[in-house]
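J.: Have a peek at target38.tsv (TSV, N, CA and C atoms).
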```tsv
chain	number	residue	atom	x	y	z
A	1	MET	N	13.08	-13.74	23.32
A	1	MET	CA	12.60	-12.58	22.60
A	1	MET	C	12.23	-11.49	23.61
A	2	ILE	N	12.69	-10.31	23.37
A	2	ILE	CA	12.42	-9.19	24.26
A	2	ILE	C	11.07	-8.59	23.89
A	3	GLU	N	10.22	-8.44	24.87
A	3	GLU	CA	8.91	-7.84	24.60
A	3	GLU	C	9.01	-6.33	24.73
A	4	GLU	N	8.54	-5.64	23.70
A	4	GLU	CA	8.53	-4.19	23.72
A	4	GLU	C	7.13	-3.73	24.11
A	5	PRO	N	7.03	-2.59	24.73
A	5	PRO	CA	5.69	-2.07	25.02
A	5	PRO	C	4.91	-1.87	23.73
A	6	LYS	N	3.59	-2.02	23.81
A	6	LYS	CA	2.75	-1.91	22.61
A	6	LYS	C	2.87	-0.54	21.96
A	7	GLU	N	3.13	0.49	22.75
A	7	GLU	CA	3.26	1.85	22.18
A	7	GLU	C	4.44	1.91	21.23
A	8	GLU	N	5.57	1.28	21.63
A	8	GLU	CA	6.76	1.33	20.79
A	8	GLU	C	6.55	0.53	19.51
A	9	VAL	N	5.91	-0.63	19.63
A	9	VAL	CA	5.65	-1.44	18.45
A	9	VAL	C	4.71	-0.69	17.51
A	10	GLY	N	3.69	-0.06	18.07
A	10	GLY	CA	2.77	0.72	17.25
A	10	GLY	C	3.47	1.87	16.55
A	11	ALA	N	4.38	2.52	17.25
A	11	ALA	CA	5.13	3.63	16.65
A	11	ALA	C	6.02	3.12	15.52
A	12	GLU	N	6.64	1.96	15.71
A	12	GLU	CA	7.48	1.39	14.66
A	12	GLU	C	6.65	1.04	13.43
A	13	LYS	N	5.48	0.45	13.66
A	13	LYS	CA	4.62	0.08	12.54
A	13	LYS	C	4.14	1.31	11.78
A	14	ARG	N	3.77	2.37	12.52
A	14	ARG	CA	3.35	3.61	11.87
A	14	ARG	C	4.48	4.19	11.04
A	15	MET	N	5.70	4.17	11.59
A	15	MET	CA	6.85	4.70	10.88
A	15	MET	C	7.10	3.89	9.60
A	16	MET	N	7.04	2.56	9.71
A	16	MET	CA	7.26	1.70	8.54
A	16	MET	C	6.18	1.96	7.48
A	17	PHE	N	4.92	2.12	7.91
A	17	PHE	CA	3.84	2.39	6.97
A	17	PHE	C	4.07	3.73	6.28
A	18	ASN	N	4.45	4.75	7.05
A	18	ASN	CA	4.69	6.08	6.46
A	18	ASN	C	5.81	6.03	5.45
A	19	ILE	N	6.88	5.29	5.76
A	19	ILE	CA	8.00	5.17	4.82
A	19	ILE	C	7.53	4.48	3.54
A	20	ALA	N	6.76	3.39	3.69
A	20	ALA	CA	6.27	2.66	2.52
A	20	ALA	C	5.32	3.52	1.70
A	21	ALA	N	4.48	4.29	2.36
A	21	ALA	CA	3.51	5.12	1.65
A	21	ALA	C	4.17	6.27	0.91
A	22	MET	N	5.32	6.74	1.38
A	22	MET	CA	5.97	7.89	0.75
A	22	MET	C	6.93	7.49	-0.36
A	23	GLN	N	7.15	6.19	-0.58
A	23	GLN	CA	8.06	5.78	-1.64
A	23	GLN	C	7.46	6.15	-2.98
A	24	SER	N	8.31	6.61	-3.88
A	24	SER	CA	7.81	7.04	-5.19
A	24	SER	C	7.36	5.82	-5.99
A	25	VAL	N	6.39	6.07	-6.84
A	25	VAL	CA	5.84	5.01	-7.69
A	25	VAL	C	6.07	5.43	-9.13
A	26	ASP	N	6.86	4.63	-9.85
A	26	ASP	CA	7.14	4.90	-11.25
A	26	ASP	C	6.14	4.11	-12.07
A	27	ILE	N	5.24	4.80	-12.76
A	27	ILE	CA	4.16	4.13	-13.46
A	27	ILE	C	4.26	4.40	-14.95
A	28	ASP	N	4.33	3.32	-15.71
A	28	ASP	CA	4.27	3.40	-17.16
A	28	ASP	C	2.89	2.91	-17.57
A	29	PRO	N	2.02	3.78	-18.09
A	29	PRO	CA	0.65	3.37	-18.40
A	29	PRO	C	0.55	2.15	-19.32
A	30	ALA	N	1.57	1.91	-20.14
A	30	ALA	CA	1.53	0.77	-21.06
A	30	ALA	C	1.69	-0.56	-20.33
A	31	THR	N	2.34	-0.55	-19.16
A	31	THR	CA	2.60	-1.80	-18.45
A	31	THR	C	1.59	-2.09	-17.35
A	32	ILE	N	0.67	-1.18	-17.10
A	32	ILE	CA	-0.30	-1.38	-16.02
A	32	ILE	C	-1.39	-2.34	-16.49
A	33	ARG	N	-1.64	-3.35	-15.68
A	33	ARG	CA	-2.69	-4.30	-16.02
A	33	ARG	C	-4.05	-3.66	-15.72
A	34	LYS	N	-5.03	-4.06	-16.48
A	34	LYS	CA	-6.39	-3.55	-16.25
A	34	LYS	C	-6.91	-4.16	-14.96
A	35	LEU	N	-7.62	-3.36	-14.18
A	35	LEU	CA	-8.21	-3.85	-12.94
A	35	LEU	C	-9.40	-4.74	-13.28
A	36	ASN	N	-9.50	-5.86	-12.60
A	36	ASN	CA	-10.61	-6.78	-12.83
A	36	ASN	C	-11.74	-6.46	-11.86
A	37	ARG	N	-12.46	-5.43	-12.15
A	37	ARG	CA	-13.58	-5.04	-11.31
A	37	ARG	C	-14.85	-5.20	-12.11
A	38	ARG	N	-15.90	-5.63	-11.47
A	38	ARG	CA	-17.13	-5.94	-12.17
A	38	ARG	C	-17.95	-4.70	-12.50
A	39	HIS	N	-17.90	-3.69	-11.66
A	39	HIS	CA	-18.76	-2.53	-11.93
A	39	HIS	C	-18.17	-1.66	-13.03
A	40	LEU	N	-19.07	-1.02	-13.75
A	40	LEU	CA	-18.66	-0.17	-14.86
A	40	LEU	C	-18.32	1.22	-14.34
A	41	GLY	N	-17.72	2.00	-15.18
A	41	GLY	CA	-17.43	3.37	-14.84
A	41	GLY	C	-16.06	3.59	-14.24
A	42	ILE	N	-15.16	2.62	-14.39
A	42	ILE	CA	-13.79	2.83	-13.91
A	42	ILE	C	-13.09	3.72	-14.92
A	43	PRO	N	-12.60	4.87	-14.47
A	43	PRO	CA	-11.98	5.81	-15.41
A	43	PRO	C	-10.64	5.28	-15.94
A	44	ASP	N	-10.30	5.67	-17.17
A	44	ASP	CA	-9.02	5.26	-17.77
A	44	ASP	C	-8.02	6.40	-17.80
A	45	ASP	N	-8.37	7.55	-17.24
A	45	ASP	CA	-7.43	8.67	-17.30
A	45	ASP	C	-6.20	8.35	-16.44
A	46	PRO	N	-5.03	8.85	-16.84
A	46	PRO	CA	-3.78	8.50	-16.17
A	46	PRO	C	-3.76	8.78	-14.67
A	47	VAL	N	-4.40	9.84	-14.23
A	47	VAL	CA	-4.39	10.17	-12.80
A	47	VAL	C	-5.14	9.12	-12.00
A	48	SER	N	-6.31	8.72	-12.49
A	48	SER	CA	-7.10	7.71	-11.79
A	48	SER	C	-6.43	6.35	-11.82
A	49	VAL	N	-5.82	6.01	-12.96
A	49	VAL	CA	-5.10	4.74	-13.06
A	49	VAL	C	-3.94	4.72	-12.07
A	50	ALA	N	-3.20	5.82	-11.98
A	50	ALA	CA	-2.09	5.90	-11.04
A	50	ALA	C	-2.59	5.81	-9.60
A	51	THR	N	-3.71	6.45	-9.30
A	51	THR	CA	-4.28	6.40	-7.95
A	51	THR	C	-4.67	4.98	-7.60
A	52	ASN	N	-5.35	4.30	-8.51
A	52	ASN	CA	-5.74	2.91	-8.26
A	52	ASN	C	-4.52	2.01	-8.08
A	53	HIS	N	-3.50	2.20	-8.91
A	53	HIS	CA	-2.28	1.39	-8.82
A	53	HIS	C	-1.58	1.63	-7.48
A	54	ARG	N	-1.49	2.89	-7.06
A	54	ARG	CA	-0.85	3.22	-5.79
A	54	ARG	C	-1.64	2.60	-4.63
A	55	SER	N	-2.96	2.66	-4.73
A	55	SER	CA	-3.81	2.08	-3.69
A	55	SER	C	-3.59	0.58	-3.59
A	56	LEU	N	-3.53	-0.10	-4.73
A	56	LEU	CA	-3.27	-1.54	-4.71
A	56	LEU	C	-1.89	-1.85	-4.17
A	57	SER	N	-0.92	-1.03	-4.52
A	57	SER	CA	0.45	-1.23	-4.03
A	57	SER	C	0.51	-1.10	-2.52
A	58	ILE	N	-0.15	-0.10	-1.98
A	58	ILE	CA	-0.18	0.09	-0.53
A	58	ILE	C	-0.93	-1.05	0.12
A	59	SER	N	-2.02	-1.51	-0.51
A	59	SER	CA	-2.78	-2.63	0.04
A	59	SER	C	-1.93	-3.89	0.11
A	60	ASP	N	-1.02	-4.06	-0.85
A	60	ASP	CA	-0.13	-5.22	-0.82
A	60	ASP	C	0.89	-5.11	0.31
A	61	LYS	N	1.27	-3.90	0.69
A	61	LYS	CA	2.28	-3.70	1.73
A	61	LYS	C	1.70	-3.80	3.13
A	62	ILE	N	0.42	-3.52	3.29
A	62	ILE	CA	-0.19	-3.48	4.62
A	62	ILE	C	-0.07	-4.80	5.38
A	63	PRO	N	-0.34	-5.97	4.76
A	63	PRO	CA	-0.21	-7.21	5.54
A	63	PRO	C	1.20	-7.40	6.10
A	64	PHE	N	2.22	-7.02	5.33
A	64	PHE	CA	3.59	-7.14	5.82
A	64	PHE	C	3.79	-6.22	7.02
A	65	LEU	N	3.26	-5.01	6.92
A	65	LEU	CA	3.44	-4.04	8.01
A	65	LEU	C	2.64	-4.42	9.25
A	66	GLN	N	1.58	-5.20	9.08
A	66	GLN	CA	0.75	-5.58	10.21
A	66	GLN	C	1.30	-6.81	10.94
A	67	THR	N	2.28	-7.48	10.38
A	67	THR	CA	2.84	-8.65	11.04
A	67	THR	C	3.67	-8.21	12.23
A	68	GLU	N	3.78	-9.10	13.19
A	68	GLU	CA	4.56	-8.80	14.40
A	68	GLU	C	6.02	-8.68	14.03
A	69	LEU	N	6.72	-7.75	14.61
A	69	LEU	CA	8.15	-7.57	14.35
A	69	LEU	C	8.95	-8.51	15.20
```
Before anything else, please render the file you have as structure tokens.

T.:
Amino acid sequence: MIEEPKEEVGAEKRMMFNIAAMQSVDIDPATIRKLNRRHLGIPDDPVSVATNHRSLSISDKIPFLQTEL
């Protein structure tokens, strides 16, 4: 296995994260599962639901992006 300098690996990971973060998210409010959070006051408006869904989607991608290439 060829070892790359840490700068290059970091640049690749940043690029992969940016690509993943910029992918469009097609959200149908009827198919979105309710978030299982204990605290009250979670808004149901479409913008907030989309923001939460996008945040969870990015959170799911981060472990993959953090793995060694």

J.: Give me, please, the distance in Å between CA of Leu65 (chain A) and CA of Phe17 (chain A), quoted to one decimal.

T.: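 Computing it gives 6.5 Å between the two atoms.
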
J.: If you run DSSP over the backbone, which residues in chain A end up alpha helix (DSSP H)? Put them as a PyMOL selection string.

T.: chain A and resi 6-22+46-66

J.: Could you work out how far atom C of Arg33 (chain A) lies from atom C of Val47 (chain A), giving the answer in Å with one decimal?

T.: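 Computing it gives 13.4 Å between the two atoms.
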
J.: Rank A:Gln66, A:Ile42, A:Ala50, A:Val9 by their smallest atom-to-atom distance to Ile27 (chain A), using only N, CA and C atoms, and report the top residue only.

T.: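 The answer is A:Ala50, which sits nearest to Ile27 (chain A).
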
J.: So the first atom is atom N of Ser57 (chain A) and the second is atom C of Glu8 (chain A); what is the distance between them in Å, to one decimal place?

T.: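 Straight-line distance from atom N of Ser57 (chain A) to atom C of Glu8 (chain A) works out to 25.2 Å.
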